[in-house]
Structures are given as structure tokens and as C-alpha cells.
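Notes to accompany the following structure.
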Amino acid sequence: MRGNVRVSGAKNAVLPMLAAALLAEGDTVLHGVPALDDVFTMGEVLTGLGASVDFPGGGRAVVRAADLGWEADPRLVRRMRASFLVAGPILARTGRMRISMPGGCAIGSRPIDLHLKGLRSLGARVEQDRGCIELSLPGRSLTGALVYLDYPSVGATENLMAAACLARGETIIDNAASEPEVVDLAGFLTAMGGQIAGAGSKVIRIRGQAHLRGAQHTVIPDRIEAATFMAAAAATGGHLRLENVEMEHLQAVTAKLREAGVTVEPGSGGYAEVWAAGRLRAADIKTMPHPGFPTDMQPQLLAAMTVAQGTSVISETVFDNRFHHVDELRRMGACITVEGRCAVVRGVPQLSGAAVRATDLRAAAGLVLAGLAAAGETRVMDAHHLDRGYEDLVGKLRSVGADVTR
Ligand code: UD1
């Protein structure tokens, strides 16, 4: 693979911003919005709540949240966990919110406990009824408070930071997530008139306002998309020039790729060149909250390590069960064993193409990378997962010489 790839705007920054646009009374315009299924799903969630949402082209999204309801469509919330990010903004704007548990009952209440705990601290009453959560405000408005997160959850930090912008008084989020998407959301909320300090650190302080106004904001580049292309160059011995990258957001991934023998050269003005000569060297990876190695790159790097020289130990500490791609990679000749949250990958000289099934977005990307590196043809079933988070992945890969069809 050789050539230029332009990285799109960050999915995980756009989703909380679309939800946070519900806080403003005027029009909000986001720029650099990627055309992704998850973005359109969030658009539908907002529309279902009474907002008007328009994607007029040119990477723009326009949101007007004048007359809002308080019941989110359960089908959409089940389809996408990030839908829960509307809870804080809707509660702050309307004083009520009815929303189903994201991801269905199989996952249980644990994955949103931190969101709910935080909203409770800000004065919300939380009731659960047959898979639905009802939020209300006995005190009529949210009230600033100290919220300590037991884990630096990205979504909980974003939900609470957005809601706290319309709370009475000051909110402090301690042990907050410091991901670049949290910082970008804080920038957007600030443009809307929010007063936020400390985003990107462990402690975020928000001084609540009576109103927020509509704003314009350009979304940061998608660090996971950029890193996926870097991993693709690494796994195939390619040479790519990435445009629209923020290298500061990619330090953990860059460090690992360099350890594996890949050259990553940042250029000025948002460019980076990535190339790999010869076989990769094995590297151990441990996923962690930012600035640690991102869990959303674990499947892609694991896929690259299947053809490295030596043995890599890949530890997944963020999610309990994120190795569904391993069985599929084994079908392609990869030598991997999984013990609890650790995968031990013994590099083989080459994978061989096979029919494999994608179980989620990043697993799908990992399988595509494995397919690019393998001898022969690989068929990735359920490739629709890619549409949730990669804008035109197939087109971009083809433009740099990969043989991929949909
Ligand atoms: C976001 C990203 C996702 C990424 C993840 C971790 C978006 C739209 N999605 O997801 O791509 O993989 O960050 O970087 O930005 N947890 C709880 N209780 C909670 C909330 C989370 O126990 O209330 C746990 C989760 O089960 C998980 C861990 O905390 O084990 C991290 O989750 P979190 O940081 O909240 O991820 P998301 O915001 O859902």
C-alpha cells in the first residue's frame, strides 16, 4: 500500500457533540463530521427528541434544539450505546428524561452506573422500571456538586460535563477521563458559552450557566482511523502519508509501532508518514485509559502482531471481553491463545486468506488488516460493522493500492 490517505473527523468526538448540541437554544454547526452509521443514528436519536438535524453535505451537521421532548426511542438506544449521551443534556434542558438501558438487559446496569451516580450527585432522581431509566429533577434544576468517578469513563465524563454546564453552581468531576475527545467536547461547550477548566486532566471544573448558545466547531481528526491506517501500513510493509492527523493524540500507538520496527515521521501541518520495511517485531500491548494505549486499537494491532517476529502479550484492561476477533484470526492461521484478559500472539511468517466474521467495529477493522497481510483472499462477513465508524474505508484502502471490494 502506497499513497495518501485523508483522515476523517473523529466519530467519538462528534457523537457527544451532537448530544451536547441539545443544550443550546440556537443553531449549532459542526464541521468535519464523518458520514458514518453511528453519526446518523445519533441524528435520529436527536430528531426523535424533537430537535431538527440536518447533514447538508461538506462534512457539516446543523442542529436546532428548540422544542425538546424527553423520551428517547428505545430501538435507537439499544442499537448504539453512545445514545445514552443525550441523557445529561435532555435532563438539564427539560428536567426529565426517559431512556432505556443501552445494549439491552444482557449487559445489566453496570455499564451506565457511573453516568447515573454522577447525575444523582447533581440532584437527579433516578428510577428504573422494566429496562427503562426515568430521570427527574425534584429540585427543578441540576445543582453543581463534586462527582468522583470510580473509573475514568469517557461517556460518563462527557455526559456529566455537558449536563453540568446548565447546573446551578460549580461541578467538579474527579478522576475524569482525559481522552482527546473529552477535550474537544469541552472546546465545543466553551464555544457554546460553557465555563470549563481542566479538561484533559484528572479534574474538570464546570461553572454552570443559565443558558448556552448555538456555536460552530470543527471536530478533531479521528485518531483511531489514523492509527488503523498506520497499522495497515505496518502489517503489509506499506508506505502511507496520512493527512489531517494530530500526532499528540497518537503517542501511545506511535510508540508501540516504533517498538515493532515501524517508522513514523510526523510532518508539519497535520501530516505524518508511516512505513515498514521487513517483518515487524513483536511488542507487548496493554490497553488503558488515555494516555495509555487505546482499547479501540487493540484488535488492529493484535492483527498486525500475528505476522510479527516473536511473541506478543496483549492485555485488555478496559473491556472484559474484547477478543472476539481472535477465533477468526486463528482461521487465517494466526497462533493465539487467550487467558482471561490476555492474548498471547506467536507471530507466524504469513496468514492465509479465509472466510471470517466481524463481531464489532474494531474487530472488523482488525480482520480487514489481517486480510490485507494474508496470502490469498479473505472474506469478512458482517462487514456492515465498519460503516459504524470508518468513513469509506474500502475506498480509502483501494486508493492506496489495496485489493478490497465490498
Ligand atoms: C468510549 C468510546 C469507545 C471506547 C471507550 C473506551 C465513544 C462513543 N465510545 O466508550 O469507542 O472503546 O470509550 O476508550 O466515545 N463502565 C462502567 N460503568 C459506567 C461506564 C463505563 O463500568 O457507567 C466501564 C465499561 O463497562 C468499560 C469501561 O468502563 O469497561 C470503559 O468504558 P467508557 O470509558 O465509559 O467507554 P464508553 O464511553 O462507553
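Residue numbers start at 1 in each chain; chains themselves are named A, B, ... in the order of the C-alpha cells; ligands are numbered from 1 in the order shown.
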Can you list, as number ranges by chain, every protein, DNA or RNA residue that comes within 12 Å of Gly401 of chain A when you count only C-alpha atoms, leaving out same-chain residues fewer than 5 positions away? A: 1-5, 232-233, 236, 238-240, 372, 394-396
At a cut-off of 7 Å around ligand 1, and using only C-alpha atoms and all ligand atoms, what residues come up? Please write them as a count of residues only. 24
Long-range neighbours of Gly118 of chain A as a count of residues only, 8 Å cut-off, only C-alpha atoms, 5 positions minimum in chain: 5
Pull the strand (DSSP E) assignments for segment 268-308 of chain A out of DSSP run on the backbone, and list those residues as a ChimeraX atom specification. /A:271-275,285-286
Output N, CA, C and O atoms for every residue in the selection just made, as a PDB file, in the first residue's frame.
```
ATOM      1  N   TYR A 271       0.428  16.367   8.915  1.00  0.00           N
ATOM      2  CA  TYR A 271       0.773  15.195   8.102  1.00  0.00           C
ATOM      3  C   TYR A 271       1.590  14.213   8.917  1.00  0.00           C
ATOM      4  O   TYR A 271       2.231  14.587   9.887  1.00  0.00           O
ATOM      5  N   ALA A 272       1.598  12.967   8.493  1.00  0.00           N
ATOM      6  CA  ALA A 272       2.538  12.004   9.057  1.00  0.00           C
ATOM      7  C   ALA A 272       2.824  10.948   7.999  1.00  0.00           C
ATOM      8  O   ALA A 272       1.949  10.611   7.208  1.00  0.00           O
ATOM      9  N   GLU A 273       4.055  10.477   7.994  1.00  0.00           N
ATOM     10  CA  GLU A 273       4.406   9.379   7.080  1.00  0.00           C
ATOM     11  C   GLU A 273       4.685   8.146   7.907  1.00  0.00           C
ATOM     12  O   GLU A 273       5.304   8.217   8.971  1.00  0.00           O
ATOM     13  N   VAL A 274       4.228   7.027   7.411  1.00  0.00           N
ATOM     14  CA  VAL A 274       4.384   5.765   8.128  1.00  0.00           C
ATOM     15  C   VAL A 274       4.845   4.721   7.145  1.00  0.00           C
ATOM     16  O   VAL A 274       4.227   4.556   6.086  1.00  0.00           O
ATOM     17  N   TRP A 275       5.940   4.044   7.458  1.00  0.00           N
ATOM     18  CA  TRP A 275       6.317   2.923   6.601  1.00  0.00           C
ATOM     19  C   TRP A 275       7.024   1.823   7.389  1.00  0.00           C
ATOM     20  O   TRP A 275       7.557   2.057   8.467  1.00  0.00           O
ATOM     21  N   ILE A 285       1.417  -5.214  24.463  1.00  0.00           N
ATOM     22  CA  ILE A 285       0.486  -4.079  24.499  1.00  0.00           C
ATOM     23  C   ILE A 285      -0.450  -4.241  25.675  1.00  0.00           C
ATOM     24  O   ILE A 285      -0.923  -5.345  25.953  1.00  0.00           O
ATOM     25  N   LYS A 286      -0.705  -3.137  26.384  1.00  0.00           N
ATOM     26  CA  LYS A 286      -1.685  -3.154  27.469  1.00  0.00           C
ATOM     27  C   LYS A 286      -2.619  -1.975  27.258  1.00  0.00           C
ATOM     28  O   LYS A 286      -2.161  -0.829  27.229  1.00  0.00           O
TER      29      LYS A 286
END
```
Residues flagged alpha helix (DSSP H) by DSSP in segment 157-376 of chain A, as an MDAnalysis selection string: chainID A and resid 157:164 180:191 223:236 251:259 298:305 324:331 361:373
Dump as a PDB file, in the first residue's frame, selection limited to C-alpha atoms:
```
ATOM      1  CA  THR A 157     -17.278  12.226  31.904  1.00  0.00           C
ATOM      2  CA  GLU A 158     -18.866  13.615  28.721  1.00  0.00           C
ATOM      3  CA  ASN A 159     -22.458  13.188  29.897  1.00  0.00           C
ATOM      4  CA  LEU A 160     -21.752  14.879  33.231  1.00  0.00           C
ATOM      5  CA  MET A 161     -19.579  17.652  31.821  1.00  0.00           C
ATOM      6  CA  ALA A 162     -22.334  18.567  29.348  1.00  0.00           C
ATOM      7  CA  ALA A 163     -25.137  18.428  31.927  1.00  0.00           C
ATOM      8  CA  ALA A 164     -23.120  20.433  34.463  1.00  0.00           C
ATOM      9  CA  PRO A 180      -8.750  13.959  23.335  1.00  0.00           C
ATOM     10  CA  GLU A 181     -12.473  13.614  22.540  1.00  0.00           C
ATOM     11  CA  VAL A 182     -13.303  14.852  26.055  1.00  0.00           C
ATOM     12  CA  VAL A 183     -11.050  17.874  25.479  1.00  0.00           C
ATOM     13  CA  ASP A 184     -12.673  18.544  22.094  1.00  0.00           C
ATOM     14  CA  LEU A 185     -16.147  18.344  23.652  1.00  0.00           C
ATOM     15  CA  ALA A 186     -15.033  20.837  26.304  1.00  0.00           C
ATOM     16  CA  GLY A 187     -13.871  23.158  23.497  1.00  0.00           C
ATOM     17  CA  PHE A 188     -17.265  22.888  21.832  1.00  0.00           C
ATOM     18  CA  LEU A 189     -19.138  23.501  25.111  1.00  0.00           C
ATOM     19  CA  THR A 190     -16.918  26.530  25.740  1.00  0.00           C
ATOM     20  CA  ALA A 191     -17.829  27.905  22.309  1.00  0.00           C
ATOM     21  CA  ARG A 223      -7.095   9.174  15.962  1.00  0.00           C
ATOM     22  CA  ILE A 224      -8.404   5.608  15.732  1.00  0.00           C
ATOM     23  CA  GLU A 225      -8.923   5.848  11.980  1.00  0.00           C
ATOM     24  CA  ALA A 226      -5.411   7.315  11.584  1.00  0.00           C
ATOM     25  CA  ALA A 227      -3.936   4.585  13.771  1.00  0.00           C
ATOM     26  CA  THR A 228      -5.805   1.903  11.818  1.00  0.00           C
ATOM     27  CA  PHE A 229      -4.124   3.084   8.613  1.00  0.00           C
ATOM     28  CA  MET A 230      -0.770   3.173  10.411  1.00  0.00           C
ATOM     29  CA  ALA A 231      -1.333  -0.431  11.492  1.00  0.00           C
ATOM     30  CA  ALA A 232      -2.315  -1.341   7.923  1.00  0.00           C
ATOM     31  CA  ALA A 233       0.965   0.083   6.609  1.00  0.00           C
ATOM     32  CA  ALA A 234       2.792  -1.787   9.365  1.00  0.00           C
ATOM     33  CA  ALA A 235       1.139  -5.146   8.702  1.00  0.00           C
ATOM     34  CA  THR A 236       1.642  -5.000   4.930  1.00  0.00           C
ATOM     35  CA  GLN A 251       1.634   8.943  21.072  1.00  0.00           C
ATOM     36  CA  ALA A 252       0.869   5.546  22.627  1.00  0.00           C
ATOM     37  CA  VAL A 253       0.141   3.963  19.245  1.00  0.00           C
ATOM     38  CA  THR A 254       3.189   5.579  17.639  1.00  0.00           C
ATOM     39  CA  ALA A 255       5.447   4.372  20.459  1.00  0.00           C
ATOM     40  CA  LYS A 256       4.200   0.789  20.015  1.00  0.00           C
ATOM     41  CA  LEU A 257       4.565   0.862  16.253  1.00  0.00           C
ATOM     42  CA  ARG A 258       8.128   2.165  16.587  1.00  0.00           C
ATOM     43  CA  GLU A 259       8.885  -0.609  19.073  1.00  0.00           C
ATOM     44  CA  GLN A 298      -6.257  -3.419  20.285  1.00  0.00           C
ATOM     45  CA  PRO A 299      -7.858  -5.617  17.571  1.00  0.00           C
ATOM     46  CA  GLN A 300      -5.949  -3.886  14.746  1.00  0.00           C
ATOM     47  CA  LEU A 301      -2.558  -4.067  16.495  1.00  0.00           C
ATOM     48  CA  LEU A 302      -3.230  -7.631  17.583  1.00  0.00           C
ATOM     49  CA  ALA A 303      -3.921  -8.458  13.927  1.00  0.00           C
ATOM     50  CA  ALA A 304      -0.605  -6.858  12.919  1.00  0.00           C
ATOM     51  CA  MET A 305       1.251  -8.797  15.632  1.00  0.00           C
ATOM     52  CA  HIS A 324     -13.863 -11.956  19.633  1.00  0.00           C
ATOM     53  CA  HIS A 325     -11.542 -11.386  16.673  1.00  0.00           C
ATOM     54  CA  VAL A 326      -9.090 -13.993  17.985  1.00  0.00           C
ATOM     55  CA  ASP A 327     -11.072 -17.060  16.864  1.00  0.00           C
ATOM     56  CA  GLU A 328     -11.466 -15.528  13.431  1.00  0.00           C
ATOM     57  CA  LEU A 329      -7.756 -14.727  13.130  1.00  0.00           C
ATOM     58  CA  ARG A 330      -6.995 -18.331  14.056  1.00  0.00           C
ATOM     59  CA  ARG A 331      -8.964 -19.428  10.986  1.00  0.00           C
ATOM     60  CA  LEU A 361     -16.456  -2.292  14.585  1.00  0.00           C
ATOM     61  CA  ARG A 362     -12.786  -2.544  15.575  1.00  0.00           C
ATOM     62  CA  ALA A 363     -12.722  -6.340  15.283  1.00  0.00           C
ATOM     63  CA  ALA A 364     -13.931  -5.829  11.708  1.00  0.00           C
ATOM     64  CA  ALA A 365     -11.035  -3.432  11.063  1.00  0.00           C
ATOM     65  CA  GLY A 366      -8.571  -5.931  12.546  1.00  0.00           C
ATOM     66  CA  LEU A 367      -9.862  -8.648  10.214  1.00  0.00           C
ATOM     67  CA  VAL A 368      -9.560  -6.365   7.189  1.00  0.00           C
ATOM     68  CA  LEU A 369      -5.924  -5.650   8.113  1.00  0.00           C
ATOM     69  CA  ALA A 370      -5.254  -9.358   8.565  1.00  0.00           C
ATOM     70  CA  GLY A 371      -6.826  -9.967   5.159  1.00  0.00           C
ATOM     71  CA  LEU A 372      -4.541  -7.366   3.565  1.00  0.00           C
ATOM     72  CA  ALA A 373      -1.490  -9.053   5.071  1.00  0.00           C
TER      73      ALA A 373
END
```
Do a neighbour search on Gly198 of chain A at 12 Å with only C-alpha atoms, toss out local chain neighbours closer than 6 positions, and write the hits as a short mmCIF file (atom, residue, chain, number, x, y, z; two decimals) with N, CA, C and O atoms, in the first residue's frame.
```cif
data_model
loop_
_atom_site.label_atom_id
_atom_site.label_comp_id
_atom_site.auth_asym_id
_atom_site.auth_seq_id
_atom_site.Cartn_x
_atom_site.Cartn_y
_atom_site.Cartn_z
N MET A 161 -20.15 16.34 32.15
CA MET A 161 -19.58 17.65 31.82
C MET A 161 -20.61 18.49 31.07
O MET A 161 -20.79 19.68 31.34
N THR A 171 -19.51 22.39 39.37
CA THR A 171 -19.36 20.93 39.42
C THR A 171 -17.89 20.60 39.26
O THR A 171 -17.18 21.21 38.45
N ILE A 172 -17.44 19.63 40.05
CA ILE A 172 -16.06 19.15 39.90
C ILE A 172 -16.15 17.66 39.59
O ILE A 172 -16.75 16.90 40.36
N ILE A 173 -15.59 17.26 38.45
CA ILE A 173 -15.53 15.82 38.12
C ILE A 173 -14.11 15.36 38.42
O ILE A 173 -13.15 15.80 37.78
N ASP A 174 -14.01 14.49 39.43
CA ASP A 174 -12.69 13.98 39.82
C ASP A 174 -12.50 12.58 39.23
O ASP A 174 -13.46 11.83 39.11
N ASN A 175 -11.26 12.25 38.91
CA ASN A 175 -10.91 11.02 38.19
C ASN A 175 -11.64 10.96 36.84
O ASN A 175 -12.15 9.92 36.42
N ALA A 176 -11.69 12.11 36.19
CA ALA A 176 -12.34 12.24 34.88
C ALA A 176 -11.50 11.57 33.80
O ALA A 176 -10.28 11.44 33.94
N ALA A 177 -12.15 11.17 32.72
CA ALA A 177 -11.42 10.69 31.54
C ALA A 177 -10.70 11.87 30.90
O ALA A 177 -11.21 13.00 30.93
N SER A 178 -9.52 11.61 30.30
CA SER A 178 -8.75 12.71 29.72
C SER A 178 -8.54 12.50 28.22
O SER A 178 -7.62 13.08 27.64
N VAL A 182 -12.75 14.12 24.91
CA VAL A 182 -13.30 14.85 26.05
C VAL A 182 -12.86 16.32 25.96
O VAL A 182 -13.64 17.25 26.17
N VAL A 183 -11.59 16.52 25.60
CA VAL A 183 -11.05 17.87 25.48
C VAL A 183 -11.76 18.62 24.34
O VAL A 183 -12.12 19.79 24.47
N ALA A 186 -15.13 19.66 25.42
CA ALA A 186 -15.03 20.84 26.30
C ALA A 186 -14.85 22.11 25.47
O ALA A 186 -15.43 23.15 25.77
N GLY A 187 -14.07 22.01 24.39
CA GLY A 187 -13.87 23.16 23.50
C GLY A 187 -15.19 23.59 22.86
O GLY A 187 -15.50 24.78 22.76
N ILE A 204 -11.92 18.05 36.31
CA ILE A 204 -12.56 19.03 35.43
C ILE A 204 -13.51 19.86 36.28
O ILE A 204 -14.29 19.32 37.08
N ARG A 205 -13.45 21.18 36.13
CA ARG A 205 -14.34 22.08 36.87
C ARG A 205 -15.26 22.77 35.88
O ARG A 205 -14.79 23.31 34.87
N ILE A 206 -16.55 22.76 36.20
CA ILE A 206 -17.54 23.36 35.31
C ILE A 206 -18.36 24.35 36.11
O ILE A 206 -18.95 23.98 37.14
N ARG A 207 -18.42 25.59 35.64
CA ARG A 207 -19.28 26.57 36.30
C ARG A 207 -20.57 26.66 35.48
O ARG A 207 -20.54 27.01 34.30
#
```
